[in-house]
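Undergrad: Have a peek at upload_30.cif (mmCIF, C-alpha atoms).
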data_my_file
loop_
_atom_site.group_PDB
_atom_site.id
_atom_site.type_symbol
_atom_site.label_atom_id
_atom_site.label_comp_id
_atom_site.auth_asym_id
_atom_site.auth_seq_id
_atom_site.Cartn_x
_atom_site.Cartn_y
_atom_site.Cartn_z
ATOM 1 C CA MET W 1436 40.126 -78.268 93.721
ATOM 2 C CA SER W 1437 40.485 -81.640 92.082
ATOM 3 C CA ILE W 1438 42.273 -81.548 88.732
ATOM 4 C CA GLU W 1439 43.194 -84.756 86.990
ATOM 5 C CA ILE W 1440 45.575 -84.821 84.055
ATOM 6 C CA ALA W 1441 46.373 -87.636 81.657
ATOM 7 C CA ASN W 1442 49.031 -87.379 78.980
ATOM 8 C CA GLU W 1443 48.140 -89.742 76.154
ATOM 9 C CA SER W 1444 49.818 -87.613 73.489
ATOM 10 C CA GLY W 1445 53.135 -89.423 73.277
ATOM 11 C CA VAL W 1446 54.818 -86.027 73.802
ATOM 12 C CA GLU W 1447 56.688 -85.230 76.988
ATOM 13 C CA VAL W 1448 55.207 -82.151 78.654
ATOM 14 C CA ASP W 1449 55.420 -80.557 82.094
ATOM 15 C CA THR W 1450 52.068 -81.715 83.437
ATOM 16 C CA ASP W 1451 52.783 -80.105 86.829
ATOM 17 C CA ALA W 1452 52.925 -76.668 85.176
ATOM 18 C CA ILE W 1453 49.709 -77.349 83.258
ATOM 19 C CA LEU W 1454 48.002 -78.350 86.509
ATOM 20 C CA ALA W 1455 49.380 -75.241 88.220
ATOM 21 C CA VAL W 1456 48.186 -72.806 85.549
ATOM 22 C CA ALA W 1457 44.745 -74.448 85.472
ATOM 23 C CA ARG W 1458 44.464 -74.233 89.267
ATOM 24 C CA HIS W 1459 45.607 -70.594 89.206
ATOM 25 C CA ALA W 1460 43.051 -69.623 86.554
ATOM 26 C CA LEU W 1461 40.172 -71.330 88.353
ATOM 27 C CA ASP W 1462 41.200 -69.905 91.734
ATOM 28 C CA GLU W 1463 41.462 -66.391 90.276
ATOM 29 C CA MET W 1464 38.020 -66.794 88.693
ATOM 30 C CA GLY W 1465 36.518 -67.672 92.086
ATOM 31 C CA VAL W 1466 35.535 -71.200 91.128
ATOM 32 C CA ASN W 1467 34.211 -73.385 93.923
ATOM 33 C CA PRO W 1468 37.185 -75.133 95.596
ATOM 34 C CA LEU W 1469 35.259 -78.400 95.412
ATOM 35 C CA ALA W 1470 35.156 -78.209 91.617
ATOM 36 C CA GLU W 1471 36.577 -81.010 89.515
ATOM 37 C CA LEU W 1472 38.387 -80.665 86.205
ATOM 38 C CA SER W 1473 39.929 -83.170 83.833
ATOM 39 C CA ILE W 1474 42.733 -82.329 81.406
ATOM 40 C CA LEU W 1475 43.619 -84.751 78.640
ATOM 41 C CA LEU W 1476 46.590 -84.408 76.306
ATOM 42 C CA VAL W 1477 46.135 -86.289 73.039
ATOM 43 C CA ASP W 1478 47.909 -86.890 69.749
ATOM 44 C CA ILE W 1479 47.071 -85.155 66.489
ATOM 45 C CA ASP W 1480 44.967 -88.013 65.087
ATOM 46 C CA TYR W 1481 42.719 -88.253 68.147
ATOM 47 C CA MET W 1482 42.342 -84.463 68.329
ATOM 48 C CA ALA W 1483 41.345 -84.403 64.646
ATOM 49 C CA GLU W 1484 38.749 -87.098 65.378
ATOM 50 C CA LEU W 1485 37.332 -85.143 68.347
ATOM 51 C CA ASN W 1486 37.327 -81.902 66.364
ATOM 52 C CA HIS W 1487 35.398 -83.562 63.551
ATOM 53 C CA ARG W 1488 32.942 -85.347 65.861
ATOM 54 C CA TRP W 1489 32.150 -82.429 68.186
ATOM 55 C CA MET W 1490 32.886 -79.280 66.193
ATOM 56 C CA GLY W 1491 32.266 -80.456 62.634
ATOM 57 C CA SER W 1492 35.714 -79.224 61.594
ATOM 58 C CA ASP W 1493 38.400 -81.060 59.685
ATOM 59 C CA GLY W 1494 41.898 -81.545 61.025
ATOM 60 C CA PRO W 1495 43.270 -81.225 64.528
ATOM 61 C CA THR W 1496 42.717 -78.180 66.685
ATOM 62 C CA ASP W 1497 44.814 -76.989 69.620
ATOM 63 C CA VAL W 1498 42.267 -77.149 72.451
ATOM 64 C CA LEU W 1499 38.717 -78.356 73.011
ATOM 65 C CA ALA W 1500 36.648 -77.718 76.122
ATOM 66 C CA PHE W 1501 33.720 -79.883 77.128
ATOM 67 C CA PRO W 1502 31.651 -78.323 79.929
ATOM 68 C CA MET W 1503 29.906 -80.847 82.158
ATOM 69 C CA ASP W 1504 27.667 -79.100 84.621
ATOM 70 C CA GLU W 1505 27.427 -75.389 83.926
ATOM 71 C CA GLY W 1506 24.616 -74.871 86.420
ATOM 72 C CA SER W 1507 26.644 -75.874 89.458
ATOM 73 C CA VAL W 1508 29.719 -73.724 88.835
ATOM 74 C CA ASP W 1509 30.243 -71.193 91.608
ATOM 75 C CA HIS W 1510 31.458 -68.114 89.744
ATOM 76 C CA GLY W 1511 32.391 -66.163 92.827
ATOM 77 C CA PRO W 1512 32.612 -66.094 96.591
ATOM 78 C CA GLY W 1513 29.417 -64.032 96.818
ATOM 79 C CA GLU W 1514 27.269 -66.818 95.419
ATOM 80 C CA SER W 1515 25.985 -69.432 97.777
ATOM 81 C CA GLY W 1516 26.240 -73.038 96.755
ATOM 82 C CA ALA W 1517 25.054 -76.265 98.262
ATOM 83 C CA GLY W 1518 28.656 -77.328 98.787
ATOM 84 C CA GLU W 1519 28.378 -80.008 96.136
ATOM 85 C CA PRO W 1520 31.431 -80.564 93.944
ATOM 86 C CA ALA W 1521 30.964 -78.987 90.534
ATOM 87 C CA LEU W 1522 32.071 -81.051 87.579
ATOM 88 C CA LEU W 1523 33.494 -78.315 85.398
ATOM 89 C CA GLY W 1524 34.312 -80.597 82.508
ATOM 90 C CA ASP W 1525 37.222 -81.606 80.337
ATOM 91 C CA ILE W 1526 39.963 -79.693 78.585
ATOM 92 C CA VAL W 1527 41.605 -81.585 75.723
ATOM 93 C CA LEU W 1528 44.985 -80.338 74.507
ATOM 94 C CA ALA W 1529 47.102 -81.367 71.507
ATOM 95 C CA PRO W 1530 50.772 -80.712 72.393
ATOM 96 C CA GLU W 1531 51.952 -81.268 68.806
ATOM 97 C CA VAL W 1532 49.540 -78.622 67.505
ATOM 98 C CA ALA W 1533 50.565 -76.320 70.359
ATOM 99 C CA ALA W 1534 54.247 -76.778 69.452
ATOM 100 C CA LYS W 1535 53.591 -75.734 65.832
ATOM 101 C CA GLN W 1536 51.639 -72.680 66.979
ATOM 102 C CA ALA W 1537 54.349 -71.781 69.490
ATOM 103 C CA ALA W 1538 57.018 -71.906 66.771
ATOM 104 C CA ALA W 1539 54.898 -69.651 64.543
ATOM 105 C CA ALA W 1540 54.314 -67.226 67.438
ATOM 106 C CA GLY W 1541 57.954 -67.246 68.524
ATOM 107 C CA HIS W 1542 57.558 -68.632 72.023
ATOM 108 C CA ALA W 1543 58.086 -71.934 73.842
ATOM 109 C CA PRO W 1544 55.696 -74.872 73.385
ATOM 110 C CA ALA W 1545 55.156 -74.903 77.173
ATOM 111 C CA ASP W 1546 53.962 -71.288 77.034
ATOM 112 C CA GLU W 1547 51.476 -72.203 74.317
ATOM 113 C CA LEU W 1548 50.152 -75.122 76.382
ATOM 114 C CA HIS W 1549 49.714 -72.822 79.382
ATOM 115 C CA LEU W 1550 47.801 -70.321 77.224
ATOM 116 C CA LEU W 1551 45.608 -73.090 75.805
ATOM 117 C CA THR W 1552 44.919 -74.473 79.284
ATOM 118 C CA VAL W 1553 43.687 -71.072 80.484
ATOM 119 C CA HIS W 1554 41.732 -70.670 77.230
ATOM 120 C CA GLY W 1555 40.022 -74.034 77.785
ATOM 121 C CA ALA W 1556 39.269 -73.217 81.426
ATOM 122 C CA LEU W 1557 37.608 -69.953 80.404
ATOM 123 C CA HIS W 1558 35.467 -71.826 77.872
ATOM 124 C CA LEU W 1559 34.368 -74.174 80.677
ATOM 125 C CA LEU W 1560 33.334 -71.105 82.668
ATOM 126 C CA GLY W 1561 31.121 -69.891 79.824
ATOM 127 C CA TYR W 1562 33.437 -67.482 78.017
ATOM 128 C CA ASP W 1563 33.482 -67.486 74.228
ATOM 129 C CA HIS W 1564 35.078 -65.573 71.376
ATOM 130 C CA ALA W 1565 32.536 -65.891 68.581
ATOM 131 C CA GLU W 1566 31.711 -62.164 68.628
ATOM 132 C CA PRO W 1567 34.315 -59.349 68.650
ATOM 133 C CA ASP W 1568 33.282 -58.015 72.081
ATOM 134 C CA GLU W 1569 33.323 -61.537 73.562
ATOM 135 C CA GLU W 1570 36.740 -62.133 72.021
ATOM 136 C CA ARG W 1571 38.160 -58.923 73.507
ATOM 137 C CA GLU W 1572 36.823 -59.795 76.962
ATOM 138 C CA MET W 1573 37.963 -63.416 76.886
ATOM 139 C CA PHE W 1574 41.420 -62.728 75.467
ATOM 140 C CA ALA W 1575 42.047 -59.839 77.886
ATOM 141 C CA LEU W 1576 41.086 -62.069 80.818
ATOM 142 C CA GLN W 1577 43.228 -64.881 79.423
ATOM 143 C CA ALA W 1578 46.248 -62.529 79.182
ATOM 144 C CA LYS W 1579 45.655 -61.217 82.712
ATOM 145 C CA LEU W 1580 45.470 -64.733 84.180
ATOM 146 C CA LEU W 1581 48.626 -65.845 82.364
ATOM 147 C CA GLN W 1582 50.494 -62.717 83.434
ATOM 148 C CA SER W 1583 49.550 -63.134 87.103
ATOM 149 C CA TRP W 1584 50.461 -66.849 87.004
ATOM 150 C CA ARG W 1585 53.867 -66.130 85.440
ATOM 151 C CA ALA W 1586 54.530 -63.336 87.945
ATOM 152 C CA GLY W 1587 53.717 -65.720 90.789
ATOM 153 C CA ARG W 1588 56.095 -68.356 89.417
ATOM 154 C CA LYS W 1589 58.958 -65.849 89.175
ATOM 155 C CA ALA W 1590 58.311 -64.564 92.700
ATOM 156 C CA GLY W 1591 58.150 -68.072 94.152
#
Using structure tokens, write down the structure that the file contains.

TA:
Amino acid sequence: MSIEIANESGVEVDTDAILAVARHALDEMGVNPLAELSILLVDIDYMAELNHRWMGSDGPTDVLAFPMDEGSVDHGPGESGAGEPALLGDIVLAPEVAAKQAAAAGHAPADELHLLTVHGALHLLGYDHAEPDEEREMFALQAKLLQSWRAGRKAG
């Protein structure tokens, strides 16, 4: 799986861990190993601009996901694909927003970035949380993926 990450936020973050949690989530979800993902970390001003332009909301948000090619995503090993790389899309993270949320939630900023990375990956795979049942499903899956990733890190 090809995952590119660019930190343009001006904040020092552990990009290796972000790459690892993204790879774990996509692997666990059975995404085609030829899939490509881009992760971009941005500052508050740029995130606010993206949030306004694409979501119609004011102010910065924590994560945005921009799916590229939903039709070519292999959602499981049972589905046959043509072997073409799937462009999953882009996940945009705002580390400064994540740090504020982490402080409010009582955990480390890195943990918040890992959660937001998995959250963005699930959005790229078609999950949403607009309706209560969708939210329960997505957030339960998000928690399960984070738990299995953290357990794997402790074991390794």

Undergrad: List the residues selected by the PyMOL selection byres ((chain W and resi 1486) around 12) in the file shown, writing them as a ChimeraX atom specification.

TA: /W:1477,1479-1485,1487-1501,1527-1529

Undergrad: Counting all atoms listed in the file, which of W:Lys1589, W:Ala1521, W:Val1448, W:Leu1551 gets nearest to Phe1574 in chain W?

TA: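 Answer, going by the shortest atom-to-atom distance: W:Leu1551.
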
Undergrad: For the file shown, what are the residues hit by the PyMOL selection byres ((chain W and resi 1545) around 9), laid out as a list in words?

TA: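 For this structure, the PyMOL selection byres ((chain W and resi 1545) around 9) resolves to Val1448, Asp1449, Ala1452, Ile1453, Pro1530, Ala1533, Ala1534, Ala1537, His1542, Ala1543, Pro1544, Asp1546, Glu1547, Leu1548, His1549 and Leu1550 of chain W.
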
Undergrad: Which polymer residues have any atom within 10 Å of an atom of Arg1588 in chain W, counting all atoms listed in the file, with same-chain residues fewer than 3 positions away left out, as a CSV table (one decimal) with C-alpha atoms, keeping the file's coordinate frame?

TA:
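Output (part_8.csv):
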chain,number,residue,atom,x,y,z
W,1452,ALA,CA,52.9,-76.7,85.2
W,1455,ALA,CA,49.4,-75.2,88.2
W,1456,VAL,CA,48.2,-72.8,85.5
W,1582,GLN,CA,50.5,-62.7,83.4
W,1583,SER,CA,49.6,-63.1,87.1
W,1584,TRP,CA,50.5,-66.8,87.0
W,1585,ARG,CA,53.9,-66.1,85.4
W,1591,GLY,CA,58.2,-68.1,94.2

Undergrad: In Å, rounded to a single decimal, give me how far CA of Leu1581 in chain W is from CA of Ala1540 in chain W.

TA: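 Separation of CA of Ala1540 in chain W and CA of Leu1581 in chain W: 16.0 Å.
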
Undergrad: Kindly give the distance, in Å, that separates CA of Gly1555 in chain W and CA of Val1446 in chain W, rounded to a single decimal.

TA: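 One can read the CA of Gly1555 in chain W to CA of Val1446 in chain W distance as 19.5 Å.
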
Undergrad: Given the file above and the PyMOL selection byres ((chain W and resi 1472) around 8), which residues are selected, and can you give them as a list in words?

TA: Ser1437, Ile1438, Glu1439, Ala1470, Glu1471, Ser1473, Ile1474, Leu1522, Leu1523, Gly1524, Asp1525 and Ile1526 of chain W

Undergrad: What gap, in Å, lies between CA of Lys1579 in chain W and CA of Ala1539 in chain W?

TA: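 Computing the Euclidean distance for CA of Lys1579 in chain W and CA of Ala1539 in chain W yields 22.1 Å.
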
Undergrad: Quick one: of W:Met1464, W:Leu1560, W:Ala1590, W:Ala1565, who's nearest to Pro1502 in chain W, counting only C-alpha atoms?

TA: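 For Pro1502 in chain W, the nearest of the candidates is W:Leu1560.
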
Undergrad: Show me the residues close to (40.6, -61.4, 80.5) - anything with an atom within 12 Å, counting only C-alpha atoms - and format the list as a ChimeraX atom specification.

TA: /W:1460,1463-1464,1550,1553-1554,1556-1558,1562-1564,1568-1583

Undergrad: Using the partial input, fill out range 1521-1538 of chain W with N, CA, C and O atoms; write the result as a PDB file, in the frame of the given file.

TA:
ATOM      1  N   ALA W1521      31.403 -79.315  91.885  1.00  0.00           N
ATOM      2  CA  ALA W1521      30.964 -78.987  90.534  1.00  0.00           C
ATOM      3  C   ALA W1521      31.880 -79.693  89.555  1.00  0.00           C
ATOM      4  O   ALA W1521      33.096 -79.588  89.648  1.00  0.00           O
ATOM      5  N   LEU W1522      31.296 -80.433  88.638  1.00  0.00           N
ATOM      6  CA  LEU W1522      32.071 -81.051  87.579  1.00  0.00           C
ATOM      7  C   LEU W1522      32.185 -80.031  86.460  1.00  0.00           C
ATOM      8  O   LEU W1522      31.240 -79.820  85.707  1.00  0.00           O
ATOM      9  N   LEU W1523      33.316 -79.358  86.404  1.00  0.00           N
ATOM     10  CA  LEU W1523      33.494 -78.315  85.398  1.00  0.00           C
ATOM     11  C   LEU W1523      33.495 -78.900  83.992  1.00  0.00           C
ATOM     12  O   LEU W1523      32.884 -78.354  83.090  1.00  0.00           O
ATOM     13  N   GLY W1524      34.236 -79.981  83.821  1.00  0.00           N
ATOM     14  CA  GLY W1524      34.312 -80.597  82.508  1.00  0.00           C
ATOM     15  C   GLY W1524      35.717 -81.010  82.160  1.00  0.00           C
ATOM     16  O   GLY W1524      36.563 -81.202  83.033  1.00  0.00           O
ATOM     17  N   ASP W1525      35.953 -81.119  80.848  1.00  0.00           N
ATOM     18  CA  ASP W1525      37.222 -81.606  80.337  1.00  0.00           C
ATOM     19  C   ASP W1525      37.855 -80.581  79.413  1.00  0.00           C
ATOM     20  O   ASP W1525      37.167 -79.956  78.600  1.00  0.00           O
ATOM     21  N   ILE W1526      39.169 -80.462  79.538  1.00  0.00           N
ATOM     22  CA  ILE W1526      39.963 -79.693  78.585  1.00  0.00           C
ATOM     23  C   ILE W1526      40.836 -80.709  77.854  1.00  0.00           C
ATOM     24  O   ILE W1526      41.513 -81.520  78.494  1.00  0.00           O
ATOM     25  N   VAL W1527      40.789 -80.686  76.532  1.00  0.00           N
ATOM     26  CA  VAL W1527      41.605 -81.585  75.723  1.00  0.00           C
ATOM     27  C   VAL W1527      42.618 -80.735  74.968  1.00  0.00           C
ATOM     28  O   VAL W1527      42.252 -79.788  74.269  1.00  0.00           O
ATOM     29  N   LEU W1528      43.895 -81.076  75.132  1.00  0.00           N
ATOM     30  CA  LEU W1528      44.985 -80.338  74.507  1.00  0.00           C
ATOM     31  C   LEU W1528      45.742 -81.238  73.535  1.00  0.00           C
ATOM     32  O   LEU W1528      45.881 -82.437  73.786  1.00  0.00           O
ATOM     33  N   ALA W1529      46.268 -80.646  72.472  1.00  0.00           N
ATOM     34  CA  ALA W1529      47.102 -81.367  71.507  1.00  0.00           C
ATOM     35  C   ALA W1529      48.494 -80.730  71.518  1.00  0.00           C
ATOM     36  O   ALA W1529      48.716 -79.710  70.862  1.00  0.00           O
ATOM     37  N   PRO W1530      49.435 -81.303  72.283  1.00  0.00           N
ATOM     38  CA  PRO W1530      50.772 -80.712  72.393  1.00  0.00           C
ATOM     39  C   PRO W1530      51.487 -80.512  71.058  1.00  0.00           C
ATOM     40  O   PRO W1530      52.223 -79.536  70.893  1.00  0.00           O
ATOM     41  N   GLU W1531      51.280 -81.418  70.099  1.00  0.00           N
ATOM     42  CA  GLU W1531      51.952 -81.268  68.806  1.00  0.00           C
ATOM     43  C   GLU W1531      51.424 -80.048  68.047  1.00  0.00           C
ATOM     44  O   GLU W1531      52.193 -79.325  67.405  1.00  0.00           O
ATOM     45  N   VAL W1532      50.123 -79.808  68.135  1.00  0.00           N
ATOM     46  CA  VAL W1532      49.540 -78.622  67.505  1.00  0.00           C
ATOM     47  C   VAL W1532      50.041 -77.376  68.232  1.00  0.00           C
ATOM     48  O   VAL W1532      50.413 -76.374  67.609  1.00  0.00           O
ATOM     49  N   ALA W1533      50.082 -77.451  69.556  1.00  0.00           N
ATOM     50  CA  ALA W1533      50.565 -76.320  70.359  1.00  0.00           C
ATOM     51  C   ALA W1533      52.013 -75.991  70.000  1.00  0.00           C
ATOM     52  O   ALA W1533      52.384 -74.817  69.915  1.00  0.00           O
ATOM     53  N   ALA W1534      52.837 -77.007  69.790  1.00  0.00           N
ATOM     54  CA  ALA W1534      54.247 -76.778  69.452  1.00  0.00           C
ATOM     55  C   ALA W1534      54.380 -76.052  68.117  1.00  0.00           C
ATOM     56  O   ALA W1534      55.204 -75.136  67.975  1.00  0.00           O
ATOM     57  N   LYS W1535      53.563 -76.413  67.140  1.00  0.00           N
ATOM     58  CA  LYS W1535      53.591 -75.734  65.832  1.00  0.00           C
ATOM     59  C   LYS W1535      53.162 -74.276  65.976  1.00  0.00           C
ATOM     60  O   LYS W1535      53.761 -73.374  65.391  1.00  0.00           O
ATOM     61  N   GLN W1536      52.121 -74.044  66.762  1.00  0.00           N
ATOM     62  CA  GLN W1536      51.639 -72.680  66.979  1.00  0.00           C
ATOM     63  C   GLN W1536      52.673 -71.854  67.739  1.00  0.00           C
ATOM     64  O   GLN W1536      52.870 -70.677  67.441  1.00  0.00           O
ATOM     65  N   ALA W1537      53.331 -72.476  68.706  1.00  0.00           N
ATOM     66  CA  ALA W1537      54.349 -71.781  69.490  1.00  0.00           C
ATOM     67  C   ALA W1537      55.504 -71.349  68.589  1.00  0.00           C
ATOM     68  O   ALA W1537      55.999 -70.224  68.697  1.00  0.00           O
ATOM     69  N   ALA W1538      55.927 -72.234  67.692  1.00  0.00           N
ATOM     70  CA  ALA W1538      57.018 -71.906  66.771  1.00  0.00           C
ATOM     71  C   ALA W1538      56.617 -70.730  65.883  1.00  0.00           C
ATOM     72  O   ALA W1538      57.403 -69.801  65.669  1.00  0.00           O
TER      73      ALA W1538
END
